[in-house]
$ cat target_12.tsv   # TSV, C-alpha atoms and all ligand atoms
chain	number	residue	atom	x	y	z
L	1	MET	CA	241.25	346.92	72.00
L	2	LYS	CA	241.26	344.52	69.07
L	3	HIS	CA	238.44	345.23	66.67
L	4	LEU	CA	236.62	342.67	64.59
L	5	THR	CA	238.08	341.66	61.25
L	6	MET	CA	236.04	341.73	58.06
L	7	SER	CA	235.75	337.93	58.17
L	8	GLU	CA	234.40	338.13	61.70
L	9	LEU	CA	231.88	340.80	60.72
L	10	ILE	CA	230.73	338.76	57.75
L	11	ALA	CA	230.48	335.63	59.89
L	12	LEU	CA	228.27	337.53	62.34
L	13	ARG	CA	226.14	338.80	59.49
L	14	ASP	CA	225.76	335.20	58.23
L	15	ASN	CA	224.89	334.00	61.76
L	16	GLU	CA	228.11	332.09	62.00
L	17	GLY	CA	230.02	334.38	64.35
L	18	THR	CA	231.50	333.34	67.67
L	19	ALA	CA	229.98	334.37	71.00
L	20	ALA	CA	233.07	336.45	71.73
L	21	ALA	CA	232.71	338.36	68.47
L	22	ARG	CA	229.05	339.02	69.11
L	23	GLU	CA	229.87	340.21	72.60
L	24	HIS	CA	232.49	342.61	71.22
L	25	LEU	CA	230.05	343.92	68.64
L	26	SER	CA	227.47	344.66	71.30
L	27	ARG	CA	229.77	347.02	73.16
L	28	CYS	CA	232.01	348.51	70.41
L	29	GLU	CA	230.74	351.52	68.52
L	30	MET	CA	233.38	351.33	65.82
L	31	CYS	CA	232.61	347.72	64.99
L	32	THR	CA	228.89	348.38	65.12
L	33	ALA	CA	229.34	351.17	62.57
L	34	GLU	CA	231.44	348.84	60.41
L	35	PHE	CA	228.78	346.14	60.72
L	36	GLU	CA	226.13	348.62	59.62
L	37	ARG	CA	228.32	349.61	56.67
L	38	LEU	CA	228.52	345.96	55.62
L	39	TYR	CA	224.72	345.79	55.54
L	40	GLN	CA	224.54	349.03	53.58
L	41	ARG	CA	227.07	347.77	51.07
L	42	VAL	CA	225.14	344.59	50.45
L	43	ALA	CA	221.88	346.52	50.20
L	44	ALA	CA	223.54	348.84	47.66
L	45	LEU	CA	224.80	345.84	45.67
L	46	LYS	CA	221.31	344.36	45.57
L	47	ALA	CA	219.89	347.71	44.49
L	48	LEU	CA	222.20	348.10	41.49
L	49	PRO	CA	220.13	348.43	38.31
L	50	GLU	CA	219.66	345.52	35.94
L	51	PHE	CA	221.52	345.56	32.66
L	52	ARG	CA	219.92	344.85	29.35
L	53	PRO	CA	221.95	343.29	26.57
L	54	ALA	CA	222.79	345.76	23.84
L	55	ARG	CA	221.83	343.30	21.14
L	56	ASP	CA	219.03	340.79	20.97
L	57	ARG	CA	220.68	337.37	21.14
L	58	TRP	CA	217.61	335.23	20.62
L	59	ASN	CA	218.01	334.87	16.85
L	60	VAL	CA	221.55	333.61	17.27
L	61	ILE	CA	220.51	331.20	20.01
L	62	ARG	CA	217.55	329.93	18.02
L	63	SER	CA	219.59	329.30	14.92
L	64	ASP	CA	222.27	327.53	17.00
L	65	VAL	CA	219.63	325.31	18.57
L	66	ALA	CA	218.08	324.56	15.20
L	67	SER	CA	221.39	323.74	13.57
L	68	GLU	CA	222.40	321.57	16.52
L	69	ARG	CA	219.20	319.61	16.09
L	70	ARG	CA	219.84	319.22	12.37
L	71	ARG	CA	223.43	318.21	12.94
L	72	ALA	CA	222.47	315.68	15.56
L	73	ARG	CA	219.94	314.07	13.26
L	74	ARG	CA	222.36	313.98	10.38
L	75	TRP	CA	225.06	312.58	12.62
L	76	MET	CA	222.69	309.91	13.86
L	77	GLY	CA	221.95	309.04	10.28
L	78	MET	CA	225.57	308.76	9.21
L	79	SER	CA	227.41	307.17	12.07
L	80	GLY	CA	227.26	303.41	12.20
L	81	VAL	CA	227.08	303.34	15.96
L	82	ALA	CA	224.38	305.95	15.95
L	83	ALA	CA	222.48	304.17	13.22
L	84	ALA	CA	222.31	301.22	15.57
L	85	ALA	CA	220.96	303.58	18.20
L	86	VAL	CA	218.16	304.55	15.85
L	87	MET	CA	217.48	300.85	15.33
L	88	ALA	CA	217.36	300.39	19.08
L	89	LEU	CA	214.89	303.23	19.26
L	90	ALA	CA	212.81	301.77	16.46
L	91	VAL	CA	212.32	298.57	18.41
L	92	GLY	CA	209.92	300.24	20.76
L	93	VAL	CA	208.13	302.36	18.23
L	94	SER	CA	205.55	299.66	17.53
L	95	GLN	CA	204.24	300.17	21.01
L	96	LEU	CA	201.92	303.00	20.07
L	97	ALA	CA	201.16	303.91	23.64
L	98	ASN	CA	204.79	304.77	24.06
L	99	ASN	CA	205.00	306.95	21.03
L	100	ASN	CA	205.34	310.25	22.83
L	101	VAL	CA	207.83	308.94	25.31
L	102	GLN	CA	209.71	307.48	22.37
L	103	ALA	CA	209.85	310.73	20.46
L	104	SER	CA	210.99	312.70	23.45
L	105	THR	CA	213.65	310.11	24.28
L	106	GLU	CA	214.85	310.29	20.71
L	107	GLN	CA	215.06	314.07	20.89
L	108	GLU	CA	216.85	313.92	24.23
L	109	MET	CA	219.34	311.50	22.78
L	110	ALA	CA	219.87	313.67	19.73
L	111	ASP	CA	220.59	316.59	22.07
L	112	LEU	CA	222.96	314.53	24.16
L	113	MET	CA	224.82	313.42	21.07
L	114	ALA	CA	225.09	317.01	19.90
L	115	GLU	CA	226.38	318.05	23.30
L	116	SER	CA	228.86	315.20	23.28
L	117	GLN	CA	230.11	316.35	19.86
L	118	ARG	CA	230.41	319.93	21.04
L	119	LEU	CA	232.48	318.80	24.01
L	120	GLU	CA	234.72	316.75	21.71
L	121	THR	CA	235.37	319.92	19.72
L	122	MET	CA	236.09	321.91	22.86
L	123	LEU	CA	238.40	319.17	24.05
L	124	GLN	CA	240.40	319.46	20.85
L	125	SER	CA	241.01	323.14	21.54
L	126	VAL	CA	242.03	322.78	25.19
L	127	GLY	CA	243.46	319.29	25.43
L	128	GLN	CA	246.57	319.70	23.36
L	129	PRO	CA	248.93	316.79	23.81
L	130	GLY	CA	252.38	317.34	25.23
L	131	ARG	CA	251.30	320.00	27.68
L	132	VAL	CA	253.01	319.80	31.03
L	133	MET	CA	250.63	318.74	33.76
L	134	ASN	CA	251.02	317.55	37.29
L	135	GLY	CA	250.73	313.85	38.12
L	136	LEU	CA	247.43	314.14	39.89
L	137	THR	CA	245.77	315.91	36.98
L	138	ALA	CA	247.27	313.49	34.48
L	139	ALA	CA	245.86	310.61	36.54
L	140	ALA	CA	242.43	312.27	36.75
L	141	ILE	CA	242.41	312.79	32.98
L	142	ALA	CA	243.47	309.20	32.31
L	143	ASP	CA	240.75	307.99	34.67
L	144	LEU	CA	238.08	310.05	32.91
L	145	GLU	CA	239.27	308.87	29.51
L	146	ASP	CA	239.06	305.27	30.71
L	147	ARG	CA	235.56	305.78	31.97
L	148	ILE	CA	234.49	307.39	28.69
L	149	ALA	CA	235.95	304.44	26.77
L	150	PHE	CA	234.01	302.14	29.08
L	151	ILE	CA	230.78	304.03	28.40
L	152	ASP	CA	231.47	303.92	24.65
L	153	ALA	CA	231.83	300.17	24.88
L	154	GLY	CA	228.55	300.14	26.80
L	155	ILE	CA	226.83	302.16	24.10
L	156	SER	CA	227.97	299.75	21.37
L	157	GLU	CA	226.93	296.80	23.50
L	158	ALA	CA	223.54	298.30	24.30
L	159	GLN	CA	222.95	298.98	20.64
L	160	SER	CA	224.03	295.57	19.40
L	161	ARG	CA	221.74	293.95	21.93
L	162	ARG	CA	218.98	296.41	21.19
L	163	TYR	CA	218.49	297.65	24.71
L	164	GLY	CA	215.66	300.08	25.37
L	165	PRO	CA	216.15	303.67	24.19
L	166	ALA	CA	216.02	304.94	27.75
L	167	ASP	CA	219.06	302.80	28.62
L	168	VAL	CA	220.99	304.06	25.60
L	169	ARG	CA	219.97	307.61	26.46
L	170	ASP	CA	221.24	307.16	30.01
L	171	LEU	CA	224.59	306.01	28.67
L	172	TRP	CA	224.82	309.11	26.47
L	173	GLU	CA	223.94	311.20	29.47
L	174	GLN	CA	226.81	309.66	31.40
L	175	ARG	CA	229.09	310.19	28.44
L	176	VAL	CA	228.22	313.88	28.25
L	177	SER	CA	228.76	314.28	31.95
L	178	LEU	CA	232.18	312.60	31.80
L	179	MET	CA	233.16	314.60	28.72
L	180	GLY	CA	232.20	317.78	30.57
L	181	ALA	CA	234.40	316.78	33.49
L	182	LEU	CA	237.24	315.99	31.11
L	183	VAL	CA	237.04	319.36	29.37
L	184	ASN	CA	236.87	321.07	32.74
L	185	THR	CA	239.92	319.23	34.02
L	186	HIS	CA	241.88	320.18	30.91
L	187	VAL	CA	240.89	323.83	31.18
L	188	GLN	CA	241.72	323.90	34.87
L	189	GLN	CA	245.09	322.27	34.69
L	190	VAL	CA	246.48	324.87	32.31
L	191	GLY	CA	247.85	326.84	35.25
L	192	TYR	CA	245.50	329.75	35.12
L	193	VAL	CA	246.27	332.32	37.77
L	194	GLY	CA	243.51	333.34	40.22
L	195	PHE	CA	241.00	330.84	41.52
V	1	MET	CA	212.42	342.80	39.53
V	2	THR	CA	211.97	339.38	37.94
V	3	HIS	CA	208.39	339.04	39.14
V	4	LEU	CA	206.92	341.21	36.42
V	5	THR	CA	208.54	339.35	33.58
V	6	LEU	CA	207.89	335.94	35.09
V	7	ALA	CA	204.16	336.49	35.24
V	8	ALA	CA	204.11	335.99	31.48
V	9	LEU	CA	205.61	332.52	31.81
V	10	ASP	CA	202.78	330.18	32.66
V	11	ASP	CA	202.91	326.43	33.20
V	12	LEU	CA	201.70	325.78	29.68
V	13	ALA	CA	204.55	327.79	28.18
V	14	ILE	CA	207.01	325.88	30.36
V	15	GLN	CA	205.52	322.54	29.26
V	16	ARG	CA	205.76	323.61	25.61
V	17	ALA	CA	209.33	324.75	26.13
V	18	LYS	CA	210.11	321.35	27.64
V	19	SER	CA	208.83	319.70	24.49
V	20	GLY	CA	211.35	321.74	22.48
V	21	ASP	CA	208.91	324.29	21.03
V	22	LEU	CA	211.06	327.21	19.87
V	23	GLY	CA	208.31	329.79	20.38
V	24	ALA	CA	207.93	328.76	24.00
V	25	LEU	CA	211.69	328.67	24.43
V	26	GLU	CA	211.76	332.26	23.21
V	27	GLN	CA	209.25	333.15	25.94
V	28	VAL	CA	211.62	331.62	28.49
V	29	TYR	CA	214.44	333.64	26.98
V	30	ARG	CA	212.44	336.88	27.15
V	31	ALA	CA	211.49	336.22	30.75
V	32	TYR	CA	215.05	335.70	31.88
V	33	GLU	CA	217.36	337.54	29.50
V	34	SER	CA	217.81	340.60	31.75
V	35	MET	CA	218.32	338.53	34.85
V	36	VAL	CA	220.94	336.36	33.16
V	37	TYR	CA	222.66	339.21	31.36
V	38	SER	CA	222.83	341.32	34.53
V	39	LEU	CA	224.28	338.47	36.52
V	40	ALA	CA	226.83	337.88	33.77
V	41	ARG	CA	227.71	341.59	33.55
V	42	ARG	CA	228.31	341.69	37.28
V	43	MET	CA	230.47	338.62	37.28
V	44	CYS	CA	232.38	338.93	34.02
V	45	ARG	CA	234.71	341.61	32.88
V	46	THR	CA	233.23	342.92	29.66
V	47	PRO	CA	229.84	343.28	27.98
V	48	GLU	CA	231.11	340.92	25.30
V	49	ASP	CA	231.83	338.22	27.87
V	50	ALA	CA	228.40	338.80	29.38
V	51	GLU	CA	226.77	338.37	25.97
V	52	GLU	CA	228.65	335.11	25.51
V	53	VAL	CA	227.41	333.93	28.89
V	54	LEU	CA	223.86	334.94	27.96
V	55	GLN	CA	224.09	332.93	24.77
V	56	GLU	CA	225.74	329.89	26.37
V	57	THR	CA	223.22	329.91	29.20
V	58	PHE	CA	220.22	329.83	26.90
V	59	LEU	CA	221.75	327.25	24.60
V	60	GLU	CA	222.07	325.09	27.69
V	61	VAL	CA	218.53	325.99	28.78
V	62	CYS	CA	217.17	325.00	25.35
V	63	ARG	CA	219.08	321.72	25.43
V	64	SER	CA	218.28	320.75	29.00
V	65	ILE	CA	214.90	322.19	29.85
V	66	LYS	CA	213.23	318.89	28.99
V	67	ARG	CA	215.13	317.38	31.89
V	68	PHE	CA	214.11	320.17	34.25
V	69	ARG	CA	211.84	318.54	36.83
V	70	GLY	CA	211.11	321.37	39.25
V	71	SER	CA	207.53	322.37	39.92
V	72	ALA	CA	207.73	324.72	42.90
V	73	PRO	CA	207.23	328.42	42.10
V	74	GLY	CA	210.54	330.03	41.32
V	75	SER	CA	212.32	326.74	40.72
V	76	LEU	CA	212.75	327.53	37.01
V	77	THR	CA	214.27	330.87	37.98
V	78	ALA	CA	216.66	329.16	40.38
V	79	TRP	CA	217.54	326.60	37.74
V	80	VAL	CA	218.25	329.22	35.06
V	81	LYS	CA	220.23	331.29	37.55
V	82	ARG	CA	222.37	328.34	38.48
V	83	ILE	CA	223.15	327.58	34.84
V	84	ALA	CA	224.03	331.25	34.29
V	85	SER	CA	226.28	331.36	37.36
V	86	SER	CA	228.10	328.28	36.30
V	87	LYS	CA	228.51	329.53	32.70
V	88	ALA	CA	229.84	332.85	34.04
V	89	LEU	CA	232.36	331.03	36.23
V	90	ILE	CA	233.48	328.92	33.28
V	91	ARG	CA	233.87	332.09	31.19
V	92	ILE	CA	235.97	333.74	33.91
V	93	ARG	CA	238.15	330.65	34.07
V	94	TYR	CA	238.38	330.48	30.30
V	95	GLU	CA	239.40	334.15	30.03
V	96	LYS	CA	242.14	333.56	32.59
V	97	TYR	CA	243.29	330.53	30.69
V	98	ARG	CA	243.41	332.50	27.45
V	99	GLU	CA	245.32	335.35	29.01
V	100	THR	CA	247.78	332.96	30.57
V	101	GLU	CA	248.38	331.62	27.08
V	102	GLU	CA	248.55	334.99	25.38
V	103	PHE	CA	250.48	336.95	27.92
V	104	ASP	CA	252.64	334.23	29.32
V	105	GLU	CA	252.06	334.15	33.05
V	106	GLY	CA	250.10	337.24	33.67
V	107	GLY	CA	252.26	340.34	33.30
V	108	PHE	CA	249.15	341.87	31.83
V	109	LEU	CA	246.84	340.51	34.51
V	110	ALA	CA	249.01	341.60	37.37
V	111	GLY	CA	248.46	345.22	36.50
V	112	ARG	CA	244.73	344.90	36.62
V	113	LYS	CA	243.98	342.95	39.73
V	114	ASP	CA	242.66	344.55	42.86
V	115	GLN	CA	243.91	348.04	42.29
V	116	ASP	CA	243.28	350.41	45.10
V	117	VAL	CA	242.11	353.63	43.63
V	118	GLY	CA	242.69	355.61	46.79
V	119	VAL	CA	239.80	358.00	46.52
V	120	SER	CA	236.21	357.19	47.16
V	121	VAL	CA	234.55	355.82	44.03
V	122	ASP	CA	231.04	354.67	43.21
V	123	LEU	CA	229.93	351.13	43.74
V	124	GLU	CA	229.98	350.16	40.05
V	125	THR	CA	233.56	351.33	39.68
V	126	ALA	CA	234.58	349.67	42.93
V	127	LEU	CA	233.08	346.35	41.81
V	128	GLU	CA	235.00	346.52	38.56
V	129	GLN	CA	238.24	346.93	40.46
V	130	LEU	CA	237.88	343.63	42.29
V	131	SER	CA	239.58	340.53	41.01
V	132	ASP	CA	237.24	338.39	38.92
V	133	THR	CA	237.09	335.73	41.58
V	134	ALA	CA	236.36	338.09	44.47
V	135	ARG	CA	233.69	339.84	42.42
V	136	ALA	CA	232.09	336.55	41.46
V	137	VAL	CA	232.00	335.36	45.07
V	138	VAL	CA	230.58	338.58	46.50
V	139	TRP	CA	227.92	338.57	43.80
V	140	LEU	CA	226.97	334.93	44.16
V	141	HIS	CA	226.89	335.03	47.96
V	142	ASP	CA	225.55	338.46	48.87
V	143	VAL	CA	223.21	339.05	45.95
V	144	GLY	CA	222.58	335.58	44.51
V	145	GLY	CA	222.05	334.06	47.94
V	146	TYR	CA	224.28	331.04	47.34
V	147	THR	CA	225.96	329.50	50.37
V	148	HIS	CA	229.72	329.18	50.59
V	149	GLU	CA	229.25	325.47	50.20
V	150	GLU	CA	227.37	325.93	46.92
V	151	ILE	CA	229.91	328.45	45.63
V	152	ALA	CA	232.76	326.15	46.57
V	153	GLY	CA	231.02	323.39	44.63
V	154	MET	CA	230.52	325.53	41.54
V	155	MET	CA	234.10	326.80	41.62
V	156	GLN	CA	235.54	323.45	42.59
V	157	LYS	CA	237.23	325.13	45.51
V	158	THR	CA	237.01	324.85	49.29
V	159	ILE	CA	234.48	326.58	51.53
V	160	SER	CA	237.26	328.52	53.23
V	161	PHE	CA	238.42	329.74	49.83
V	162	SER	CA	234.97	331.13	49.16
V	163	LYS	CA	234.86	332.74	52.60
V	164	SER	CA	238.25	334.34	52.26
V	165	GLN	CA	237.39	335.70	48.79
V	166	LEU	CA	234.23	337.25	50.21
V	167	SER	CA	236.07	338.86	53.05
V	168	ARG	CA	238.72	340.09	50.67
V	169	ALA	CA	236.07	341.57	48.39
V	170	HIS	CA	234.42	343.45	51.24
V	171	THR	CA	237.71	344.74	52.57
V	172	ARG	CA	238.52	346.13	49.11
V	173	LEU	CA	235.08	347.60	48.61
V	174	ARG	CA	235.23	349.17	52.05
V	175	THR	CA	238.55	350.82	51.25
V	176	MET	CA	237.44	352.06	47.86
V	177	LEU	CA	234.02	353.26	48.91
V	178	GLY	CA	235.20	355.11	51.99
V	179	GLU	CA	232.60	356.13	54.52
V	180	GLU	CA	229.70	356.48	52.16
V	181	ILE	CA	228.30	354.43	49.38
V	182	ARG	CA	227.48	356.28	46.22
V	183	SER	CA	225.81	354.14	43.65
W	1	ZN	ZN	235.51	346.98	67.82
$ encode --input "target_12.tsv" --output "structure tokens" --more "lines below"
Ligand SMILES: [Zn+2]
Amino acid sequence: MKHLTMSELIALRDNEGTAAAREHLSRCEMCTAEFERLYQRVAALKALPEFRPARDRWNVIRSDVASERRRARRWMGMSGVAAAAVMALAVGVSQLANNNVQASTEQEMADLMAESQRLETMLQSVGQPGRVMNGLTAAAIADLEDRIAFIDAGISEAQSRRYGPADVRDLWEQRVSLMGALVNTHVQQVGYVGF
Amino acid sequence: MTHLTLAALDDLAIQRAKSGDLGALEQVYRAYESMVYSLARRMCRTPEDAEEVLQETFLEVCRSIKRFRGSAPGSLTAWVKRIASSKALIRIRYEKYRETEEFDEGGFLAGRKDQDVGVSVDLETALEQLSDTARAVVWLHDVGGYTHEEIAGMMQKTISFSKSQLSRAHTRLRTMLGEEIRS
């Protein structure tokens, strides 16, 4: 008699098993015991105690967040492109009713810029030129780089035409998302084992 | 286990955290640090990696919480957990990448993966013996409650990859744990 495999047992547990497997389970003691063991294992996994970090990390996180905010503001102040972004933001500030929205959009944009910068730094450490990569990955990277360049052009355009801050923010959001994908693609293509 | 800590996080604190208030963000951190750290410890190899994941997760939480739109009970928990899972997966990938660089195609790694210890061991030890990927999948699916589809999405892999890793993990655990589970 052919007993159920682990995949079949798991499928049954997840309500994805076949009728034949369920039928076998109903009349095979060995498989029933194995099925029960699967449940026990998962229950034991869920019952494992929580860990607590050995050190309190909040101070480090808080100071990182604070310095990111400072950096983002400084960067906005220095970069020409970003200075235009501040101008674009200032356009709406006269609308007092929108003040809160304005401030939160500004903060969001500062965060997005900081994130974008962080990803640029990460990219420098993983995306070393001259690395061998397969054609598909190279094409994906080129595509992402093109799209980022396109977004950058959009950001300049939006700023020169003084689009609303929400529009500029959305462009930064897209930039961060594309940068994230780019970093990920670089990390992934470096032939790690596993996965 | 998270219910006790979460009681302290009321809507007002969440609103303040969303506005960037560092005191309120600390409350969020306190409410979730054990949950995130535990998840990271289970998925990653070392306490140091888990601490990194804890830190990266909350940096991300602090940056993005203003864009968190959930209102249902538990949605903040689910959101934080998803960030933590994804940071842990990135860390696992990053560690592999680093080792590939340092040890030139895994002579070092090969010795560590999926050892069968032969005798019955406790659950903690057995978990540690799994490959990083198998351990991550078993944790995300069986404890975290993520579907294979969600795991495949997070890992950028196929659903059948996630399923086969889960089955592989259980086969290994079954062998190592023997008839009884001692935790
Ligand atoms: Zn059977």
$ interface_residues --input "target_12.tsv" --of "chain L" --to "chain V" --cutoff "6 Å" --atoms "all atoms listed in the file" --output "VMD selection string"
chain L and resid 6 to 7 46 50 to 52 192
$ residues_near_ligand --input "target_12.tsv" --ligand "ligand ZN 1 (chain W)" --cutoff "12 Å" --atoms "all atoms listed in the file" --output "ChimeraX atom specification"
/L:1-6,8-9,20-35
$ atom_distance --input "target_12.tsv" --atom1 "atom CA of L:Ala149" --atom2 "atom CA of V:Ala152"
29.6 Å
$ residues_around --input "target_12.tsv" --residues "stretch 66-71 of chain L" --least-positions-apart "5" --cutoff "12 Å" --atoms "only C-alpha atoms" --output "NGL selection string"
(:L and (58-61 or 76-79 or 106-118)) or (:V and (20-22 or 25 or 59-60 or 62-63))
$ atom_distance --input "target_12.tsv" --atom1 "atom CA of V:Tyr146" --atom2 "atom CA of V:Lys81"
10.6 Å
$ residues_near_point --input "target_12.tsv" --point "(220.8, 306.3, 25.9)" --cutoff "12 Å" --atoms "only C-alpha atoms" --output "PyMOL selection string"
chain L and resi 82+84-86+88-89+102+104-113+151-152+154-159+162-176
$ atom_distance --input "target_12.tsv" --atom1 "atom CA of V:Ser75" --atom2 "atom CA of V:Ile159"
24.7 Å
